[in-house]
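Novice: To start, I am sharing the structure in question, which I have written as structure tokens.
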Amino acid sequence: MTAKEHVAEYSAVLGELLREREKLLGTLDRVAALHGTARLIREAVGAKAGFVGELTEPGLAVIRWMSGNRTDALQDLEVPTGQGVGGRVLALGRPVRVTDYVSAPTITHHFDAQVRGEGLAALLAVPIVARGETVAIAYAAMREPAGFGDDAVRRMEDVACQAGAALHLAKVAETDRTAAVAGERLRMQSALHDSVGALLFSIGVQVRDLHEDFHGNPGLEARLRRLEGDVSAAAGALRESLLALSECSPERALPVELAEHCRSFQARCGVPARFVQLAAVPPLDAERTALLVAAVREGLLNVEKHARASSVIVSLLPSDDGVQVVVADDGTGTDAVPGTGVGLRTLAGRALRLGGRVSLVRDDDDGCTLRAWVPLVRP
């Protein structure tokens with residue numbers, strides 16, 4: 001097998017492993033939260049069955065997580081806005097209950113066959129909300145006609161509230177994990193470039209030198225040309241692999257780069273620097289992303305030059321219909337007056353052109369806090 005084929009094979013295996021790891025880590029916590037909610041519904045309300053429909057797109061829930069079911073009649077059932085009990089919840093944004101599903105006059109009857117197939121009668125459904133947005137529907141069901149009272153509704157809403165918080169945390173954790181995976185891709189890219197790339201370059205130089213040393217030996221020169229071709233092909237395959245490893249979706253690019261700057265600062269200065277993403281942030285365009293990265297870089301540079309800090313925290317979070325980064329240190333340095341640096345003034349000017357803002361203030365208990373905020377781009 002040629003060097004090019006080896007590089008291509010290892011690159012393919014590596015890519016597949018990264019994709020599988022990413023998919024698994026991004027699914028486990030959410031699955032546990034949703035499946036656990038279905039079980040908790042039965043315990044909290046005393047229902048015979050509990051199930052959860054997750055929104056896969058605005059206005060469409062899919063029932064996937066069930067507890068106490070006897071059949072698969074409801075499995076993967078798609079519930080659009082306005083249809084059945086769950087669809088009415090999506091339309092109204094509040095709990096809906098029926099004493100007997102198939103005879104209830106307040107709902108549509110698109111799913112009578114599925115409800116009969118599972119042997120259900122009374123149903124109660126409430127929205128599961130995360131950060132003000134309905135992300136799923138929680139259902140409680142009885143197998144005989146019955147009335148769900150106000151106490152049952154309150155308990156279901158408590159379960160839904162816990163589920164919404166769990167799903168939000170799972171989403172944040174997923175963002176952290178995928179950012180970590182993307183960061184690892186970047187580190188692997190750098191390591192491959194510095195090791196394999198340098199080795200291939202060295203081999204190429206030595207082969208070219210051998211051409212000169214063995215000039216006039218046609219047989220050996222032909223073998224050297226083939227070796228030189230293999231090295232060139234391997235270098236091309238390596239470049240493609242490095243490009244694939246560097247690919248990063250817009251929503252991951254910002255947290256990955258900020259985390260890398262923190263790691264680089266800590267390695268360079270020996271001062272602990274921690275990156276914290278407080279919540280998932282929406283994707284930003286290249287100009288806004290570059291500004292926030294530049295703000296963190298400037299903040300860390302100021303800490304390195306002036307702060308005499310023992311720790312730094314860089315945080316990323318959604319804020320005021322936009323995205324904000326914060327660089328906070330616990331330094332005691334007094335040789336720099338906040339707000340007077342050329343770098344900071346340049347950043348503030350860039351932010352202003354984007355409708356954003358940058359500020360640097362000295363905290364009451366020593367240390368400084370730099371904040372940079374940019375608004376979201378509205379379609």
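In the structure tokens, chains take the letters A, B, ... in the order shown, each chain's residues start at 1, and ligands count up from 1 in the order shown.
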Can you pull out every residue within 7 Å of Leu316 in chain A, counting only C-alpha atoms, but drop anything in the same chain fewer than 2 positions away, and send it as a list in words?

Specialist: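 After dropping sequence-adjacent residues, the list is Val276, Gln277, Leu278, Val314, Gln324, Val325 and Val326 of chain A.
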
Novice: Considering only C-alpha atoms, return as a short mmCIF file (atom, residue, chain, number, x, y, z; two decimals) with N, CA, C and O atoms, in the first residue's frame whatever protein or nucleic-acid residues lie within 12 Å of Gly343 in chain A, sequence-local ones (same chain, fewer than 2 positions apart) excluded.

Specialist:
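Result file follows (selection01.cif):
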```cif
data_model
loop_
_atom_site.label_atom_id
_atom_site.label_comp_id
_atom_site.auth_asym_id
_atom_site.auth_seq_id
_atom_site.Cartn_x
_atom_site.Cartn_y
_atom_site.Cartn_z
N LEU A 291 -15.27 39.72 15.40
CA LEU A 291 -15.19 40.77 16.41
C LEU A 291 -15.14 40.19 17.82
O LEU A 291 -14.33 40.62 18.65
N ALA A 294 -11.79 38.65 18.42
CA ALA A 294 -10.79 39.70 18.61
C ALA A 294 -10.91 40.33 19.99
O ALA A 294 -9.89 40.68 20.61
N ALA A 295 -12.14 40.47 20.48
CA ALA A 295 -12.34 41.05 21.82
C ALA A 295 -11.73 40.15 22.89
O ALA A 295 -11.06 40.63 23.82
N VAL A 296 -11.94 38.84 22.78
CA VAL A 296 -11.36 37.91 23.75
C VAL A 296 -9.84 37.93 23.64
O VAL A 296 -9.13 37.95 24.66
N ARG A 297 -9.33 37.96 22.44
CA ARG A 297 -7.87 38.00 22.25
C ARG A 297 -7.29 39.27 22.88
O ARG A 297 -6.26 39.23 23.55
N GLU A 298 -7.95 40.40 22.66
CA GLU A 298 -7.49 41.66 23.24
C GLU A 298 -7.58 41.64 24.76
O GLU A 298 -6.67 42.12 25.45
N GLY A 299 -8.68 41.07 25.27
CA GLY A 299 -8.83 40.98 26.72
C GLY A 299 -7.75 40.14 27.35
O GLY A 299 -7.17 40.51 28.39
N LEU A 300 -7.45 38.99 26.76
CA LEU A 300 -6.39 38.13 27.30
C LEU A 300 -5.02 38.79 27.18
O LEU A 300 -4.18 38.64 28.07
N LEU A 301 -4.81 39.52 26.11
CA LEU A 301 -3.53 40.22 25.94
C LEU A 301 -3.36 41.28 27.02
O LEU A 301 -2.27 41.45 27.58
N ASN A 302 -4.43 42.01 27.34
CA ASN A 302 -4.37 43.01 28.39
C ASN A 302 -4.06 42.38 29.75
O ASN A 302 -3.30 42.92 30.55
N PRO A 338 -8.27 51.33 32.28
CA PRO A 338 -9.28 50.72 31.40
C PRO A 338 -9.81 51.72 30.39
O PRO A 338 -10.14 52.85 30.72
N GLY A 339 -9.89 51.25 29.15
CA GLY A 339 -10.53 52.04 28.11
C GLY A 339 -9.60 52.93 27.32
O GLY A 339 -10.04 53.61 26.40
N THR A 340 -8.29 52.99 27.66
CA THR A 340 -7.41 53.93 26.98
C THR A 340 -6.55 53.28 25.90
O THR A 340 -5.87 53.97 25.17
N GLY A 341 -6.55 51.94 25.78
CA GLY A 341 -5.69 51.27 24.82
C GLY A 341 -6.17 51.44 23.39
O GLY A 341 -7.37 51.53 23.12
N ARG A 345 -9.96 50.72 21.69
CA ARG A 345 -10.69 51.75 20.93
C ARG A 345 -11.01 51.26 19.53
O ARG A 345 -12.09 51.53 18.99
N THR A 346 -10.08 50.51 18.94
CA THR A 346 -10.34 49.96 17.61
C THR A 346 -11.49 48.96 17.65
O THR A 346 -12.37 48.97 16.78
N LEU A 347 -11.48 48.10 18.67
CA LEU A 347 -12.57 47.14 18.83
C LEU A 347 -13.91 47.84 19.02
O LEU A 347 -14.93 47.44 18.43
N ALA A 348 -13.92 48.88 19.84
CA ALA A 348 -15.16 49.61 20.09
C ALA A 348 -15.71 50.21 18.80
O ALA A 348 -16.92 50.21 18.56
N GLY A 349 -14.80 50.72 17.97
CA GLY A 349 -15.23 51.28 16.69
C GLY A 349 -15.82 50.22 15.77
O GLY A 349 -16.85 50.45 15.11
N ARG A 350 -15.18 49.07 15.71
CA ARG A 350 -15.72 47.97 14.89
C ARG A 350 -17.08 47.53 15.39
O ARG A 350 -18.01 47.28 14.60
N VAL A 358 -18.48 47.59 23.11
CA VAL A 358 -17.36 47.01 23.84
C VAL A 358 -17.06 47.91 25.04
O VAL A 358 -17.05 49.13 24.91
N SER A 359 -16.84 47.30 26.21
CA SER A 359 -16.51 48.09 27.39
C SER A 359 -15.48 47.35 28.22
O SER A 359 -15.42 46.12 28.21
N LEU A 360 -14.67 48.12 28.95
CA LEU A 360 -13.70 47.55 29.89
C LEU A 360 -13.76 48.37 31.16
O LEU A 360 -13.55 49.60 31.13
#
```

Novice: Got a sec: who's within 6 Å of range 109-119 of chain A, counting only C-alpha atoms, leaving out chain neighbours fewer than 6 positions off, as a PyMOL selection string?

Specialist: chain A and resi 71+73-74+84+102+143

Novice: From the list A:Leu167, A:Ala160, A:Val293, A:Ala104, which residue is nearest Pro145 in chain A when using only C-alpha atoms?

Specialist: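 Checking each of A:Leu167, A:Ala160, A:Val293, A:Ala104 against Pro145 in chain A, counting only C-alpha atoms, the winner is A:Ala104.
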
Novice: Could you please determine the separation between CA of Leu254 in chain A and CA of Gly367 in chain A in Å, to one decimal place?

Specialist: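 Computing the Euclidean distance for CA of Leu254 in chain A and CA of Gly367 in chain A yields 25.0 Å.
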
Novice: For Arg94 in chain A, which residue out of A:Val303, A:Val361, A:Val62, A:Ala138 is the nearest one, using only C-alpha atoms?

Specialist: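 Of A:Val303, A:Val361, A:Val62, A:Ala138, the one nearest Arg94 in chain A is A:Ala138, counting only C-alpha atoms.
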
Novice: Could you pull the residues within 10 Å of range 124-130 of chain A, counting only C-alpha atoms, minus those fewer than 2 positions along the same chain, as a compact mmCIF listing (two decimals) with all heavy atoms, in the first residue's frame?

Specialist:
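Printed below is result34.txt as written:
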```txt
# COMPACT_ATOMS: atom_id res chain seq x y z
N VAL A 45 -48.51 11.54 38.23
CA VAL A 45 -49.94 11.72 38.03
C VAL A 45 -50.73 10.45 38.34
O VAL A 45 -51.95 10.48 38.45
CB VAL A 45 -50.20 12.19 36.57
CG1 VAL A 45 -51.66 12.53 36.34
CG2 VAL A 45 -49.34 13.40 36.25
N ALA A 47 -50.81 7.97 36.26
CA ALA A 47 -51.38 7.58 34.96
C ALA A 47 -50.95 6.17 34.59
O ALA A 47 -49.95 5.64 35.09
CB ALA A 47 -50.93 8.56 33.88
N GLY A 50 -47.45 7.14 30.07
CA GLY A 50 -46.89 8.47 29.88
C GLY A 50 -46.05 8.47 28.61
O GLY A 50 -45.38 7.48 28.32
N PHE A 51 -46.12 9.52 27.85
CA PHE A 51 -45.30 9.59 26.64
C PHE A 51 -44.98 11.03 26.32
O PHE A 51 -45.63 11.97 26.81
CB PHE A 51 -45.94 8.86 25.45
CG PHE A 51 -47.41 9.05 25.28
CD1 PHE A 51 -47.92 9.93 24.34
CD2 PHE A 51 -48.31 8.32 26.05
CE1 PHE A 51 -49.29 10.09 24.17
CE2 PHE A 51 -49.68 8.47 25.89
CZ PHE A 51 -50.17 9.36 24.94
N VAL A 52 -43.96 11.21 25.50
CA VAL A 52 -43.45 12.54 25.17
C VAL A 52 -43.30 12.65 23.66
O VAL A 52 -42.75 11.76 23.02
CB VAL A 52 -42.08 12.80 25.84
CG1 VAL A 52 -41.56 14.17 25.46
CG2 VAL A 52 -42.20 12.69 27.35
N GLY A 53 -43.81 13.75 23.13
CA GLY A 53 -43.63 14.07 21.72
C GLY A 53 -42.65 15.22 21.60
O GLY A 53 -42.87 16.29 22.17
N GLU A 54 -41.57 15.02 20.89
CA GLU A 54 -40.54 16.05 20.74
C GLU A 54 -40.75 16.81 19.44
O GLU A 54 -41.04 16.22 18.39
CB GLU A 54 -39.16 15.40 20.74
CG GLU A 54 -38.02 16.39 20.68
CD GLU A 54 -36.67 15.70 20.64
OE1 GLU A 54 -36.63 14.49 20.33
OE2 GLU A 54 -35.66 16.37 20.90
N LEU A 55 -40.61 18.14 19.48
CA LEU A 55 -40.74 18.92 18.25
C LEU A 55 -39.53 18.70 17.37
O LEU A 55 -38.39 18.93 17.80
CB LEU A 55 -40.89 20.41 18.58
CG LEU A 55 -42.33 20.92 18.68
CD1 LEU A 55 -43.01 20.36 19.92
CD2 LEU A 55 -42.40 22.44 18.66
N VAL A 85 -55.09 16.06 20.84
CA VAL A 85 -54.80 16.75 22.09
C VAL A 85 -53.45 17.48 22.01
O VAL A 85 -53.33 18.65 22.37
CB VAL A 85 -54.80 15.74 23.26
CG1 VAL A 85 -54.22 16.38 24.52
CG2 VAL A 85 -56.21 15.27 23.55
N GLY A 86 -52.41 16.78 21.52
CA GLY A 86 -51.09 17.39 21.43
C GLY A 86 -51.06 18.57 20.49
O GLY A 86 -50.44 19.60 20.79
N GLY A 87 -51.72 18.44 19.35
CA GLY A 87 -51.77 19.55 18.40
C GLY A 87 -52.49 20.76 18.96
O GLY A 87 -52.16 21.90 18.64
N ARG A 88 -53.49 20.52 19.79
CA ARG A 88 -54.19 21.63 20.44
C ARG A 88 -53.27 22.32 21.46
O ARG A 88 -53.31 23.54 21.61
CB ARG A 88 -55.47 21.12 21.12
CG ARG A 88 -56.38 22.23 21.65
CD ARG A 88 -57.76 21.69 21.99
NE ARG A 88 -58.59 22.68 22.62
CZ ARG A 88 -59.24 23.66 21.99
NH1 ARG A 88 -59.13 23.75 20.67
NH2 ARG A 88 -59.99 24.52 22.65
N VAL A 89 -52.45 21.54 22.15
CA VAL A 89 -51.46 22.14 23.04
C VAL A 89 -50.51 23.04 22.27
O VAL A 89 -50.18 24.15 22.70
CB VAL A 89 -50.68 21.04 23.79
CG1 VAL A 89 -49.45 21.61 24.49
CG2 VAL A 89 -51.57 20.34 24.80
N LEU A 90 -50.04 22.58 21.11
CA LEU A 90 -49.15 23.40 20.29
C LEU A 90 -49.83 24.68 19.83
O LEU A 90 -49.21 25.74 19.75
CB LEU A 90 -48.68 22.61 19.06
CG LEU A 90 -47.71 21.45 19.31
CD1 LEU A 90 -47.36 20.76 17.99
CD2 LEU A 90 -46.45 21.94 20.01
N LEU A 92 -52.45 26.26 21.39
CA LEU A 92 -52.84 27.14 22.49
C LEU A 92 -51.69 27.49 23.42
O LEU A 92 -51.74 28.50 24.13
CB LEU A 92 -53.96 26.47 23.31
CG LEU A 92 -55.25 26.14 22.55
CD1 LEU A 92 -56.23 25.43 23.48
CD2 LEU A 92 -55.87 27.40 21.97
N GLY A 93 -50.67 26.62 23.49
CA GLY A 93 -49.57 26.85 24.40
C GLY A 93 -49.91 26.63 25.86
O GLY A 93 -49.27 27.19 26.75
N ARG A 94 -50.91 25.82 26.13
CA ARG A 94 -51.33 25.54 27.51
C ARG A 94 -51.85 24.11 27.61
O ARG A 94 -52.07 23.45 26.58
CB ARG A 94 -52.40 26.53 27.96
CG ARG A 94 -53.66 26.55 27.09
CD ARG A 94 -54.70 27.49 27.67
NE ARG A 94 -55.86 27.65 26.82
CZ ARG A 94 -56.86 26.78 26.72
NH1 ARG A 94 -56.83 25.65 27.42
NH2 ARG A 94 -57.89 27.01 25.91
N PRO A 95 -52.08 23.60 28.85
CA PRO A 95 -52.56 22.23 29.00
C PRO A 95 -53.92 22.00 28.36
O PRO A 95 -54.76 22.89 28.31
CB PRO A 95 -52.64 22.05 30.53
CG PRO A 95 -51.70 23.06 31.09
CD PRO A 95 -51.77 24.23 30.15
N VAL A 96 -54.08 20.77 27.87
CA VAL A 96 -55.38 20.34 27.30
C VAL A 96 -55.69 18.96 27.88
O VAL A 96 -54.82 18.10 27.95
CB VAL A 96 -55.30 20.26 25.75
CG1 VAL A 96 -56.60 19.67 25.19
CG2 VAL A 96 -55.05 21.65 25.16
N ARG A 97 -56.97 18.75 28.30
CA ARG A 97 -57.37 17.46 28.87
C ARG A 97 -58.72 17.06 28.33
O ARG A 97 -59.58 17.90 28.07
CB ARG A 97 -57.40 17.54 30.40
CG ARG A 97 -58.12 18.75 30.93
CD ARG A 97 -57.97 18.90 32.44
NE ARG A 97 -58.33 20.24 32.89
CZ ARG A 97 -58.37 20.63 34.16
NH1 ARG A 97 -58.08 19.77 35.12
NH2 ARG A 97 -58.69 21.87 34.48
N VAL A 98 -58.88 15.76 28.13
CA VAL A 98 -60.17 15.21 27.68
C VAL A 98 -60.48 13.98 28.52
O VAL A 98 -59.59 13.22 28.90
CB VAL A 98 -60.15 14.84 26.19
CG1 VAL A 98 -59.98 16.07 25.32
CG2 VAL A 98 -59.05 13.82 25.88
N THR A 99 -61.76 13.81 28.82
CA THR A 99 -62.20 12.67 29.63
C THR A 99 -62.18 11.38 28.83
O THR A 99 -61.81 10.32 29.34
CB THR A 99 -63.61 12.93 30.19
OG1 THR A 99 -63.58 14.13 30.97
CG2 THR A 99 -64.09 11.77 31.06
N TYR A 101 -61.03 10.39 24.86
CA TYR A 101 -60.44 10.95 23.64
C TYR A 101 -61.36 10.79 22.43
O TYR A 101 -61.63 11.76 21.72
CB TYR A 101 -59.09 10.27 23.37
CG TYR A 101 -58.32 10.87 22.21
CD1 TYR A 101 -57.33 11.80 22.45
CD2 TYR A 101 -58.58 10.50 20.90
CE1 TYR A 101 -56.61 12.37 21.41
CE2 TYR A 101 -57.88 11.06 19.84
CZ TYR A 101 -56.89 12.00 20.10
OH TYR A 101 -56.20 12.56 19.07
N ALA A 122 -58.85 8.62 28.68
CA ALA A 122 -58.59 9.98 29.17
C ALA A 122 -57.16 10.39 28.86
O ALA A 122 -56.22 9.61 29.03
CB ALA A 122 -58.84 10.04 30.67
N GLY A 132 -38.48 29.72 27.10
CA GLY A 132 -39.59 30.41 26.49
C GLY A 132 -40.13 29.80 25.21
O GLY A 132 -41.05 30.34 24.60
N GLU A 133 -39.61 28.66 24.81
CA GLU A 133 -40.01 28.03 23.55
C GLU A 133 -40.49 26.60 23.81
O GLU A 133 -39.83 25.84 24.52
CB GLU A 133 -38.84 28.02 22.58
CG GLU A 133 -39.14 27.35 21.25
CD GLU A 133 -37.91 27.29 20.36
OE1 GLU A 133 -36.85 27.81 20.77
OE2 GLU A 133 -38.00 26.71 19.27
N THR A 134 -41.65 26.25 23.25
CA THR A 134 -42.14 24.88 23.39
C THR A 134 -41.26 23.94 22.58
O THR A 134 -41.09 24.12 21.37
CB THR A 134 -43.60 24.76 22.91
OG1 THR A 134 -44.43 25.58 23.73
CG2 THR A 134 -44.09 23.32 23.01
N VAL A 135 -40.68 22.95 23.27
CA VAL A 135 -39.77 22.03 22.60
C VAL A 135 -40.31 20.60 22.58
O VAL A 135 -39.78 19.74 21.86
CB VAL A 135 -38.38 22.03 23.29
CG1 VAL A 135 -37.72 23.39 23.11
CG2 VAL A 135 -38.49 21.68 24.77
N ALA A 136 -41.35 20.32 23.37
CA ALA A 136 -41.92 18.98 23.42
C ALA A 136 -43.29 19.04 24.08
O ALA A 136 -43.72 20.09 24.58
CB ALA A 136 -40.99 18.03 24.21
N ILE A 137 -43.99 17.90 24.05
CA ILE A 137 -45.30 17.77 24.69
C ILE A 137 -45.26 16.56 25.60
O ILE A 137 -44.82 15.48 25.20
CB ILE A 137 -46.43 17.59 23.65
CG1 ILE A 137 -46.40 18.69 22.61
CG2 ILE A 137 -47.80 17.53 24.34
CD1 ILE A 137 -47.28 18.40 21.41
N ALA A 138 -45.73 16.74 26.84
CA ALA A 138 -45.82 15.64 27.80
C ALA A 138 -47.28 15.18 27.87
O ALA A 138 -48.18 16.00 28.02
CB ALA A 138 -45.33 16.09 29.17
N TYR A 139 -47.49 13.87 27.77
CA TYR A 139 -48.84 13.29 27.80
C TYR A 139 -48.97 12.35 29.00
O TYR A 139 -48.05 11.57 29.29
CB TYR A 139 -49.11 12.44 26.56
CG TYR A 139 -49.15 13.14 25.23
CD1 TYR A 139 -47.96 13.40 24.54
CD2 TYR A 139 -50.35 13.47 24.61
CE1 TYR A 139 -47.98 13.99 23.28
CE2 TYR A 139 -50.39 14.06 23.35
CZ TYR A 139 -49.20 14.32 22.69
OH TYR A 139 -49.22 14.89 21.45
N ALA A 140 -50.12 12.41 29.65
CA ALA A 140 -50.51 11.39 30.63
C ALA A 140 -51.82 10.78 30.15
O ALA A 140 -52.69 11.48 29.62
CB ALA A 140 -50.70 12.01 32.01
N ALA A 141 -51.98 9.46 30.31
CA ALA A 141 -53.17 8.78 29.76
C ALA A 141 -53.69 7.74 30.73
O ALA A 141 -52.92 7.10 31.47
CB ALA A 141 -52.82 8.14 28.42
N MET A 142 -55.01 7.58 30.73
CA MET A 142 -55.69 6.52 31.47
C MET A 142 -56.38 5.61 30.45
O MET A 142 -56.70 6.02 29.33
CB MET A 142 -56.72 7.10 32.44
CG MET A 142 -56.17 8.14 33.40
SD MET A 142 -54.94 7.47 34.55
CE MET A 142 -56.03 6.61 35.67
N GLY A 147 -61.53 11.89 34.65
CA GLY A 147 -61.24 13.32 34.62
C GLY A 147 -59.92 13.62 35.30
O GLY A 147 -59.70 13.22 36.44
N PHE A 148 -59.03 14.28 34.59
CA PHE A 148 -57.79 14.78 35.21
C PHE A 148 -58.10 16.10 35.90
O PHE A 148 -58.51 17.08 35.26
CB PHE A 148 -56.70 14.99 34.15
CG PHE A 148 -56.06 13.71 33.68
CD1 PHE A 148 -56.38 13.18 32.44
CD2 PHE A 148 -55.13 13.06 34.46
CE1 PHE A 148 -55.78 12.01 31.99
CE2 PHE A 148 -54.52 11.89 34.03
CZ PHE A 148 -54.86 11.34 32.79
N GLY A 149 -57.95 16.15 37.23
CA GLY A 149 -58.26 17.35 37.98
C GLY A 149 -57.16 18.40 37.91
O GLY A 149 -56.10 18.19 37.32
N ALA A 152 -53.76 17.28 39.17
CA ALA A 152 -53.00 16.49 38.19
C ALA A 152 -52.34 17.39 37.16
O ALA A 152 -51.19 17.16 36.75
CB ALA A 152 -53.92 15.49 37.50
N VAL A 153 -53.06 18.44 36.76
CA VAL A 153 -52.49 19.39 35.81
C VAL A 153 -51.26 20.06 36.41
O VAL A 153 -50.22 20.20 35.75
CB VAL A 153 -53.53 20.44 35.37
CG1 VAL A 153 -52.88 21.51 34.50
CG2 VAL A 153 -54.67 19.77 34.61
N ARG A 154 -51.37 20.49 37.67
CA ARG A 154 -50.23 21.14 38.32
C ARG A 154 -49.03 20.21 38.40
O ARG A 154 -47.88 20.61 38.17
CB ARG A 154 -50.62 21.64 39.71
CG ARG A 154 -51.45 22.92 39.72
CD ARG A 154 -51.55 23.50 41.11
NE ARG A 154 -52.30 22.63 42.00
CZ ARG A 154 -53.62 22.68 42.15
NH1 ARG A 154 -54.34 23.55 41.45
NH2 ARG A 154 -54.22 21.87 42.99
N MET A 156 -48.38 17.68 36.45
CA MET A 156 -47.85 17.51 35.09
C MET A 156 -47.02 18.72 34.67
O MET A 156 -45.97 18.60 34.03
CB MET A 156 -48.99 17.30 34.10
CG MET A 156 -49.46 15.87 33.98
SD MET A 156 -48.26 14.83 33.07
CE MET A 156 -48.61 15.32 31.39
N GLU A 157 -47.49 19.90 35.05
CA GLU A 157 -46.73 21.11 34.71
C GLU A 157 -45.39 21.13 35.44
O GLU A 157 -44.39 21.60 34.89
CB GLU A 157 -47.55 22.35 35.04
CG GLU A 157 -48.72 22.57 34.09
CD GLU A 157 -49.55 23.79 34.45
OE1 GLU A 157 -49.74 24.05 35.66
OE2 GLU A 157 -50.04 24.47 33.52
N ASP A 158 -45.37 20.61 36.68
CA ASP A 158 -44.10 20.50 37.40
C ASP A 158 -43.14 19.57 36.67
O ASP A 158 -41.94 19.86 36.54
CB ASP A 158 -44.33 20.00 38.82
CG ASP A 158 -44.98 21.04 39.72
OD1 ASP A 158 -44.95 22.23 39.35
OD2 ASP A 158 -45.54 20.67 40.77
N VAL A 159 -43.67 18.42 36.22
CA VAL A 159 -42.84 17.48 35.47
C VAL A 159 -42.33 18.13 34.19
O VAL A 159 -41.14 18.00 33.83
CB VAL A 159 -43.64 16.20 35.14
CG1 VAL A 159 -42.86 15.31 34.17
CG2 VAL A 159 -43.96 15.43 36.41
N ALA A 160 -43.22 18.84 33.49
CA ALA A 160 -42.83 19.50 32.24
C ALA A 160 -41.77 20.56 32.50
O ALA A 160 -40.85 20.74 31.69
CB ALA A 160 -44.06 20.12 31.58
N CYS A 161 -41.88 21.28 33.62
CA CYS A 161 -40.89 22.30 33.96
C CYS A 161 -39.52 21.66 34.18
O CYS A 161 -38.50 22.15 33.70
CB CYS A 161 -41.35 23.06 35.20
SG CYS A 161 -40.24 24.41 35.68
N GLN A 162 -39.50 20.54 34.91
CA GLN A 162 -38.24 19.82 35.13
C GLN A 162 -37.67 19.32 33.81
O GLN A 162 -36.46 19.38 33.58
CB GLN A 162 -38.47 18.64 36.07
CG GLN A 162 -38.87 19.03 37.50
CD GLN A 162 -39.20 17.82 38.34
OE1 GLN A 162 -38.53 16.79 38.27
NE2 GLN A 162 -40.26 17.92 39.12
N ALA A 163 -38.55 18.81 32.95
CA ALA A 163 -38.09 18.30 31.66
C ALA A 163 -37.51 19.41 30.80
O ALA A 163 -36.49 19.24 30.13
CB ALA A 163 -39.24 17.62 30.93
N GLY A 164 -38.16 20.60 30.81
CA GLY A 164 -37.65 21.72 30.04
C GLY A 164 -36.27 22.14 30.50
O GLY A 164 -35.38 22.41 29.69
N ALA A 165 -36.08 22.18 31.84
CA ALA A 165 -34.76 22.53 32.38
C ALA A 165 -33.72 21.49 32.00
O ALA A 165 -32.59 21.82 31.63
CB ALA A 165 -34.85 22.68 33.90
N ALA A 166 -34.11 20.20 32.07
CA ALA A 166 -33.18 19.12 31.72
C ALA A 166 -32.79 19.18 30.25
O ALA A 166 -31.62 18.99 29.89
CB ALA A 166 -33.80 17.77 32.04
N LEU A 167 -33.76 19.45 29.38
CA LEU A 167 -33.46 19.54 27.95
C LEU A 167 -32.57 20.73 27.64
O LEU A 167 -31.68 20.64 26.78
CB LEU A 167 -34.77 19.64 27.15
CG LEU A 167 -35.59 18.36 27.07
CD1 LEU A 167 -36.94 18.63 26.40
CD2 LEU A 167 -34.85 17.27 26.33
N HIS A 168 -32.79 21.83 28.36
CA HIS A 168 -31.92 22.99 28.15
C HIS A 168 -30.49 22.67 28.55
O HIS A 168 -29.54 22.98 27.83
CB HIS A 168 -32.45 24.18 28.94
CG HIS A 168 -31.50 25.34 28.96
ND1 HIS A 168 -31.14 26.03 27.82
CD2 HIS A 168 -30.81 25.92 29.98
CE1 HIS A 168 -30.27 26.98 28.12
NE2 HIS A 168 -30.06 26.93 29.43
N LEU A 169 -30.34 22.05 29.72
CA LEU A 169 -29.00 21.67 30.17
C LEU A 169 -28.35 20.67 29.22
O LEU A 169 -27.14 20.74 28.96
CB LEU A 169 -29.07 21.09 31.58
CG LEU A 169 -29.41 22.08 32.70
CD1 LEU A 169 -29.57 21.36 34.02
CD2 LEU A 169 -28.35 23.17 32.81
```

Novice: Using DSSP on the backbone coordinates, identify all residues within range 30-178 of chain A classified as strand (DSSP E or B); present the result as a PyMOL selection string.

Specialist: chain A and resi 49-57+60-67+77-80+96-98+123-130+133-141
